[in-house]
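So the structure is just underneath, and the comments pick up after that.
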Amino acid sequence: GLGAFEGVSLFQFLKIAKAELGNGQDPGKRRYVGDHYYRDRDKEAVWPIGALLEAKIFLDRAIKQFNSGNPRTGDNYRQRGLARLQQMIALKDQHGHIPELLKHENGNLIPNENHLLWNEALMIQVISRAIVADRLP
């Protein structure tokens, strides 16, 4: 129930949303608790674009912190962004593309086979930010 627009810091929001939205433990995010789209009993579909967006936010913040003279904070954001990017690279390697979503079937996350351009475009943006962030202190 606590949203990013309610004045909560990014780290606090991610900590609170970890269990509800799949922060870190899934290759993506749940759109919202109770999402009916490709729902399997008690489990919502996982959307890889959520992890890509998270990686982009972390890497943007890393670049900003490095450029503001805060290398320790910048490195913290960079590491978090790179971890999410690595997760998406592994997903792409596994399926040949970044699926629209992963649905729960028999204890596994199975792609719905939709290959969307915006996932690919966001992946390019994230990779370009990772390159920039990697060149900063």
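Ligands are numbered from 1 in the order shown, residues from 1 within each chain, and chains are lettered A, B, ... in the order they appear in the structure tokens.
Within chain A, the backbone-based DSSP assignment of strand (DSSP E or B) covers Lys29, Asp40, Lys43, Val46, Trp47, Pro99, Leu102, Lys103, His104, Glu105, Asn108, Leu109, Ile110, Pro111 and His115 of chain A.
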* To do: Skip range 131-135 of chain A itself and residues of its chain fewer than 3 positions away, then list as a VMD selection string all residues within 9 Å of it, counting only C-alpha atoms.
  => chain A and resid 59 to 60 62 to 63 66 74 to 75 78 126 to 128
* Which is closer to Leu109 in chain A than all the others in A:Gln94, A:Gly50, A:Gln79, A:Ile124, using only C-alpha atoms? ->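 Closest to Leu109 in chain A, using only C-alpha atoms: A:Gln94.
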* Contacts of His104 in chain A at 7 Å or less, counting only C-alpha atoms, minus same-chain residues fewer than 5 places along, as a count of residues only? -> 5
* Shell of 6 Å around range 80-84 of chain A, only C-alpha atoms, local chain residues under 2 positions omitted, as a ChimeraX atom specification -> /A:55,58-59,77-78,86-87
* To do: Determine, counting only C-alpha atoms, which protein, DNA and RNA residues have an atom within 7 Å of an atom of range 119-122 of chain A; residues of the same chain fewer than 3 positions away are not included. Present the result as a list in words.
  => Ile49, Leu52, Ile98, Leu116, Gln125 and Val126 of chain A
* Asked: Using only C-alpha atoms, which residues sit within 12 Å of Glu105 in chain A once same-chain residues fewer than 6 positions away are excluded, as a ChimeraX atom specification?
  -> /A:38-45,111-112
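Among the candidate residues A:Ala51, A:Ala90, A:Leu117, A:Leu85, the one lying nearest to Ala130 in chain A is A:Leu85, with distances computed using only C-alpha atoms.
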* Closest to Leu53 in chain A among A:His97, A:Lys29, A:Lys103, A:Lys92, using only C-alpha atoms? ->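 Using only C-alpha atoms, Leu53 in chain A sits closest to A:Lys29.
Pairwise distance (CA of Leu102 in chain A, CA of Trp47 in chain A) equals 6.4 Å.
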* Quick one: residues within 9 Å of Glu113 in chain A, only C-alpha atoms counted, chain neighbours fewer than 5 positions away excluded, as a ChimeraX atom specification? -> /A:95,99-102
* Between CA of Lys56 in chain A and CA of Met123 in chain A - distance in Å to one decimal -> 8.8 Å
* Could you find all residues in range 9-135 of chain A that DSSP calls alpha helix (DSSP H) from the backbone, and write them as a count of residues only? => 72
* Asked: Taking only C-alpha atoms into account, which of A:Trp118, A:Leu136, A:Pro48, A:Arg30 comes nearest Ile89 in chain A?
  ->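 Checking each candidate against Ile89 in chain A, we get A:Pro48 as the closest.
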